[in-house]
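Student: There's a structure below that I have some questions on.
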Number of protein chains: 2
Amino acid sequence: MERDGNLPAETADDMSGQGAAPAGVTVVVCATCRDESGSDAHPRAGLLLAEDARRAAARDPQAEIRVRTVECLGNCKRRLSAALLRDGCWSYVFGDLTPESGEDLVAGAKLFAASQDGLIPWRGRPDSLKRGLVARIPPLDLLKDVP
Amino acid sequence: MERDGNLPAETADDMSGQGAAPAGVTVVVCATCRDESGSDAHPRAGLLLAEDARRAAARDPQAEIRVRTVECLGNCKRRLSAALLRDGCWSYVFGDLTPESGEDLVAGAKLFAASQDGLIPWRGRPDSLKRGLVARIPPLDLLKDVP
């Protein structure tokens with residue numbers, strides 16, 4: 001639950017913004033999301049989803065889809081959550097996922113990586129990434145000339 | 001409704017990622033969000049919210065809070081939506097806003113701008129930006145060293 005901003009040290013410590021952002025698409029999974037029972041049991045459903053996504057990504061290493069975990073994507077009202085990020089493009093957040101949604105996330109990441117206009121195409125998107133869309137956010141540098 | 005990726009030309013055309021992102025905090029309002037009636041009438045409730053946020057920002061020009069509009073933040077299930085963006089920091093999306101939430105958005109933007117750790121503090125956040133949190137997304141360059 002995003003409440004007091006307590007983040008894992010590995011993300012909170014480096015606010016320098018130094019270094020190039022990774023190329024390609026990164027799948028960011030909230031590893032602390034609970035399953036529908038709300039149980040605190042470990043491993044959390046979110047971590048199982050992250051592991052499922054890593055296995056899916058590993059089946060196609062040439063696609064170079066990275067999977068990373070964070071402690072909270074702030075989407076606690078819509079359970080298992082993940083984001084797809086690509087440098088210079090809109091960012092996407094999805095909810096209502098399951099521990100078996102890793103393949104869908106990687107499929108969405110591949111569509112995103114191949115997109116010419118920097119958007120994830122609607123057509124061909126796994127159903128879970130249509131129904132589960134929570135938000136998309138434009139990159140700052142796309143907004144500099146927008147009224 | 002984010003469905004087929006049809007975006008306003010001014011955001012869709014520039015995918016170059018060239019040029020520095022603006023400093024400070026940018027409030028991004030979805031200008032096509034409808035009010036609770038779902039009416040298509042213009043001006044849309046989202047545009048009214050954007051205008052309200054511009055007025056609030058103009059009351060404190062020294063804070064240098066920018067307000068920009070986009071056609072869709074993909075958060076159509078939770079009505080009026082806006083995002084707060086700061087270069088190199090987590091991005092935040094809020095929903096369940098009203099056409100009068102401009103002051104709250106600008107208050108949140110000021111908290112964000114003054115934050116030392118690059119997160120919007122929970123304490124002091126307007127209630128609408130606590131209840132209305134939809135998601136937060138880490139910046140890509142914070143993820144490069146995360147497992």
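Ordered as shown in the structure tokens, chains take letters A, B, and onward, while each chain numbers its residues from 1 and ligands are numbered from 1 in the order shown.
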Going by DSSP on the backbone, which bits of chain A are strand (DSSP E or B)? Write them as a PyMOL selection string, please.

Tutor: chain A and resi 25-30+66-70+82-86+91-94+133-137

Student: Write out, as a PDB file, in the first residue's frame, the residues just selected, with C-alpha atoms.

Tutor:
```
ATOM      1  CA  VAL A  25      10.758  -2.681 -22.779  1.00  0.00           C
ATOM      2  CA  THR A  26      10.822  -3.302 -19.035  1.00  0.00           C
ATOM      3  CA  VAL A  27       8.037  -5.174 -17.237  1.00  0.00           C
ATOM      4  CA  VAL A  28       7.717  -3.816 -13.701  1.00  0.00           C
ATOM      5  CA  VAL A  29       5.786  -6.113 -11.358  1.00  0.00           C
ATOM      6  CA  CYS A  30       4.531  -5.147  -7.922  1.00  0.00           C
ATOM      7  CA  ARG A  66      13.484  -7.213 -18.790  1.00  0.00           C
ATOM      8  CA  VAL A  67      11.418  -8.007 -15.693  1.00  0.00           C
ATOM      9  CA  ARG A  68      11.909  -5.943 -12.531  1.00  0.00           C
ATOM     10  CA  THR A  69      10.050  -5.855  -9.239  1.00  0.00           C
ATOM     11  CA  VAL A  70       9.063  -2.952  -7.024  1.00  0.00           C
ATOM     12  CA  ALA A  82       2.378  -4.495 -13.400  1.00  0.00           C
ATOM     13  CA  ALA A  83       3.644  -1.693 -15.614  1.00  0.00           C
ATOM     14  CA  LEU A  84       5.234  -1.708 -19.049  1.00  0.00           C
ATOM     15  CA  LEU A  85       7.881   0.965 -19.590  1.00  0.00           C
ATOM     16  CA  ARG A  86       9.767   1.974 -22.722  1.00  0.00           C
ATOM     17  CA  SER A  91       4.009   4.155 -19.646  1.00  0.00           C
ATOM     18  CA  TYR A  92       1.202   1.658 -19.009  1.00  0.00           C
ATOM     19  CA  VAL A  93      -0.170   0.214 -15.763  1.00  0.00           C
ATOM     20  CA  PHE A  94      -2.316  -2.900 -15.643  1.00  0.00           C
ATOM     21  CA  LEU A 133      -5.706  -1.272 -18.247  1.00  0.00           C
ATOM     22  CA  VAL A 134      -5.443   1.013 -15.234  1.00  0.00           C
ATOM     23  CA  ALA A 135      -3.667   4.041 -16.647  1.00  0.00           C
ATOM     24  CA  ARG A 136      -1.164   5.283 -19.166  1.00  0.00           C
ATOM     25  CA  ILE A 137       1.134   8.226 -18.598  1.00  0.00           C
TER      26      ILE A 137
END
```

Student: Using only C-alpha atoms, which of B:Cys33, B:Leu143, B:Leu105, B:Ala58 sits nearest chain A?

Tutor: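 Among the listed residues, the smallest separation from chain A belongs to B:Leu143.
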
Student: May I have the residues within 9 Å of Ala56 in chain A as an NGL selection string, using only C-alpha atoms and disregarding those fewer than 6 positions away in the same chain?

Tutor: :A and (102-107)

Student: Can you pull out every residue within 7 Å of range 42-49 of chain B, counting only C-alpha atoms, but drop anything in the same chain fewer than 2 positions away, and send it as a list of chain:residue names?

Tutor: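 The residues that qualify are B:Val29, B:Cys30, B:Ala31, B:Thr32, B:Cys33, B:Arg34, B:Asp35, B:Asp40, B:Glu51, B:Asp52, B:Ala53, B:Leu80, B:Thr98, B:Pro99, B:Glu100, B:Ser101, B:Gly102.
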
Student: Write out the residues from the selection above, keeping all heavy atoms, as a short mmCIF file (atom, residue, chain, number, x, y, z; two decimals), in the first residue's frame.

Tutor:
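The new file selection_3.cif reads:
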```
data_model
loop_
_atom_site.label_atom_id
_atom_site.label_comp_id
_atom_site.auth_asym_id
_atom_site.auth_seq_id
_atom_site.Cartn_x
_atom_site.Cartn_y
_atom_site.Cartn_z
N VAL B 29 -3.65 16.67 -17.21
CA VAL B 29 -5.08 16.42 -17.01
C VAL B 29 -5.66 15.78 -18.27
O VAL B 29 -5.39 16.23 -19.39
CB VAL B 29 -5.84 17.73 -16.71
CG1 VAL B 29 -7.32 17.45 -16.48
CG2 VAL B 29 -5.23 18.43 -15.49
N CYS B 30 -6.45 14.73 -18.07
CA CYS B 30 -7.19 14.14 -19.19
C CYS B 30 -8.36 15.07 -19.51
O CYS B 30 -9.30 15.19 -18.71
CB CYS B 30 -7.70 12.75 -18.83
SG CYS B 30 -8.79 12.09 -20.10
N ALA B 31 -8.30 15.72 -20.67
CA ALA B 31 -9.30 16.75 -20.99
C ALA B 31 -10.56 16.17 -21.60
O ALA B 31 -11.53 16.91 -21.84
CB ALA B 31 -8.69 17.78 -21.94
N THR B 32 -10.59 14.88 -21.84
CA THR B 32 -11.78 14.28 -22.45
C THR B 32 -12.62 13.49 -21.46
O THR B 32 -13.67 12.96 -21.83
CB THR B 32 -11.40 13.38 -23.64
OG1 THR B 32 -10.34 12.53 -23.26
CG2 THR B 32 -10.99 14.20 -24.84
N CYS B 33 -12.19 13.40 -20.22
CA CYS B 33 -12.97 12.67 -19.21
C CYS B 33 -14.36 13.31 -19.08
O CYS B 33 -14.51 14.53 -19.05
CB CYS B 33 -12.28 12.73 -17.85
SG CYS B 33 -10.92 11.58 -17.62
N ARG B 34 -15.35 12.45 -18.94
CA ARG B 34 -16.73 12.89 -18.76
C ARG B 34 -17.06 13.02 -17.27
O ARG B 34 -16.38 12.43 -16.43
CB ARG B 34 -17.70 11.89 -19.39
CG ARG B 34 -17.56 11.75 -20.89
CD ARG B 34 -18.41 10.59 -21.38
NE ARG B 34 -18.37 10.48 -22.83
CZ ARG B 34 -17.42 9.87 -23.51
NH1 ARG B 34 -16.41 9.28 -22.88
NH2 ARG B 34 -17.46 9.81 -24.83
N ASP B 35 -18.14 13.74 -16.96
CA ASP B 35 -18.61 13.78 -15.58
C ASP B 35 -19.37 12.49 -15.26
O ASP B 35 -19.46 11.58 -16.09
CB ASP B 35 -19.45 15.03 -15.31
CG ASP B 35 -20.72 15.04 -16.15
OD1 ASP B 35 -21.12 13.98 -16.69
OD2 ASP B 35 -21.33 16.11 -16.28
N ASP B 40 -21.69 13.43 -23.25
CA ASP B 40 -20.71 13.84 -24.24
C ASP B 40 -20.63 15.35 -24.39
O ASP B 40 -19.89 15.85 -25.24
CB ASP B 40 -21.06 13.23 -25.61
CG ASP B 40 -20.49 11.83 -25.76
OD1 ASP B 40 -19.45 11.55 -25.13
OD2 ASP B 40 -21.07 11.03 -26.51
N GLU B 51 -8.86 23.60 -16.65
CA GLU B 51 -8.93 25.06 -16.51
C GLU B 51 -8.86 25.45 -15.04
O GLU B 51 -8.22 26.44 -14.68
CB GLU B 51 -10.22 25.58 -17.16
CG GLU B 51 -10.19 25.44 -18.68
CD GLU B 51 -11.54 25.71 -19.33
OE1 GLU B 51 -12.54 25.87 -18.60
OE2 GLU B 51 -11.60 25.73 -20.58
N ASP B 52 -9.50 24.65 -14.20
CA ASP B 52 -9.44 24.92 -12.76
C ASP B 52 -7.99 24.80 -12.25
O ASP B 52 -7.53 25.62 -11.45
CB ASP B 52 -10.35 23.94 -12.01
CG ASP B 52 -10.63 24.36 -10.58
OD1 ASP B 52 -11.08 25.51 -10.38
OD2 ASP B 52 -10.37 23.57 -9.66
N ALA B 53 -7.28 23.79 -12.75
CA ALA B 53 -5.89 23.61 -12.32
C ALA B 53 -5.01 24.76 -12.84
O ALA B 53 -4.12 25.23 -12.13
CB ALA B 53 -5.37 22.27 -12.84
N LEU B 80 -12.72 11.39 -13.71
CA LEU B 80 -11.77 12.48 -13.95
C LEU B 80 -10.37 12.13 -13.43
O LEU B 80 -10.21 11.78 -12.26
CB LEU B 80 -12.27 13.77 -13.27
CG LEU B 80 -13.05 14.70 -14.21
CD1 LEU B 80 -14.32 14.06 -14.68
CD2 LEU B 80 -13.31 16.04 -13.54
N THR B 98 -12.84 15.83 -9.39
CA THR B 98 -13.99 16.62 -9.81
C THR B 98 -13.48 17.82 -10.60
O THR B 98 -12.27 18.11 -10.56
CB THR B 98 -14.80 17.12 -8.60
OG1 THR B 98 -14.08 18.19 -7.98
CG2 THR B 98 -15.05 16.01 -7.59
N PRO B 99 -14.38 18.54 -11.26
CA PRO B 99 -13.92 19.73 -11.98
C PRO B 99 -13.35 20.80 -11.04
O PRO B 99 -12.72 21.75 -11.51
CB PRO B 99 -15.20 20.24 -12.67
CG PRO B 99 -16.04 19.03 -12.82
CD PRO B 99 -15.78 18.21 -11.59
N GLU B 100 -13.54 20.62 -9.73
CA GLU B 100 -13.02 21.60 -8.77
C GLU B 100 -11.76 21.09 -8.07
O GLU B 100 -11.36 21.64 -7.03
CB GLU B 100 -14.08 21.91 -7.70
CG GLU B 100 -15.30 22.64 -8.22
CD GLU B 100 -16.27 21.73 -8.96
OE1 GLU B 100 -16.50 20.61 -8.48
OE2 GLU B 100 -16.79 22.14 -10.02
N SER B 101 -11.12 20.05 -8.60
CA SER B 101 -9.94 19.48 -7.92
C SER B 101 -8.64 20.17 -8.31
O SER B 101 -7.55 19.72 -7.92
CB SER B 101 -9.82 17.98 -8.25
OG SER B 101 -10.94 17.26 -7.78
N GLY B 102 -8.73 21.27 -9.07
CA GLY B 102 -7.51 21.93 -9.54
C GLY B 102 -6.59 22.37 -8.40
O GLY B 102 -5.37 22.17 -8.46
#
```

Student: Please, what distance in Å, to one decimal, runs between CA of Trp90 in chain B and CA of Pro139 in chain B?

Tutor: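 One can read the CA of Trp90 in chain B to CA of Pro139 in chain B distance as 5.5 Å.
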
Student: In Å, with one decimal, what is the gap from CA of Gly132 in chain B to CA of Arg78 in chain B?

Tutor: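 Going from CA of Gly132 in chain B over to CA of Arg78 in chain B covers 8.6 Å.
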
Student: Return the single residue from A:Leu111, A:Leu142, A:Ala41, A:Ala57 that is closest to chain B, with distances computed using only C-alpha atoms.

Tutor: A:Leu142

Student: Pick the closest to chain B from A:Arg55, A:Gln62, A:Arg79, A:Gly118: which is it, counting only C-alpha atoms?

Tutor: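 Ranking A:Arg55, A:Gln62, A:Arg79, A:Gly118 by distance to chain B, first place goes to A:Gly118.
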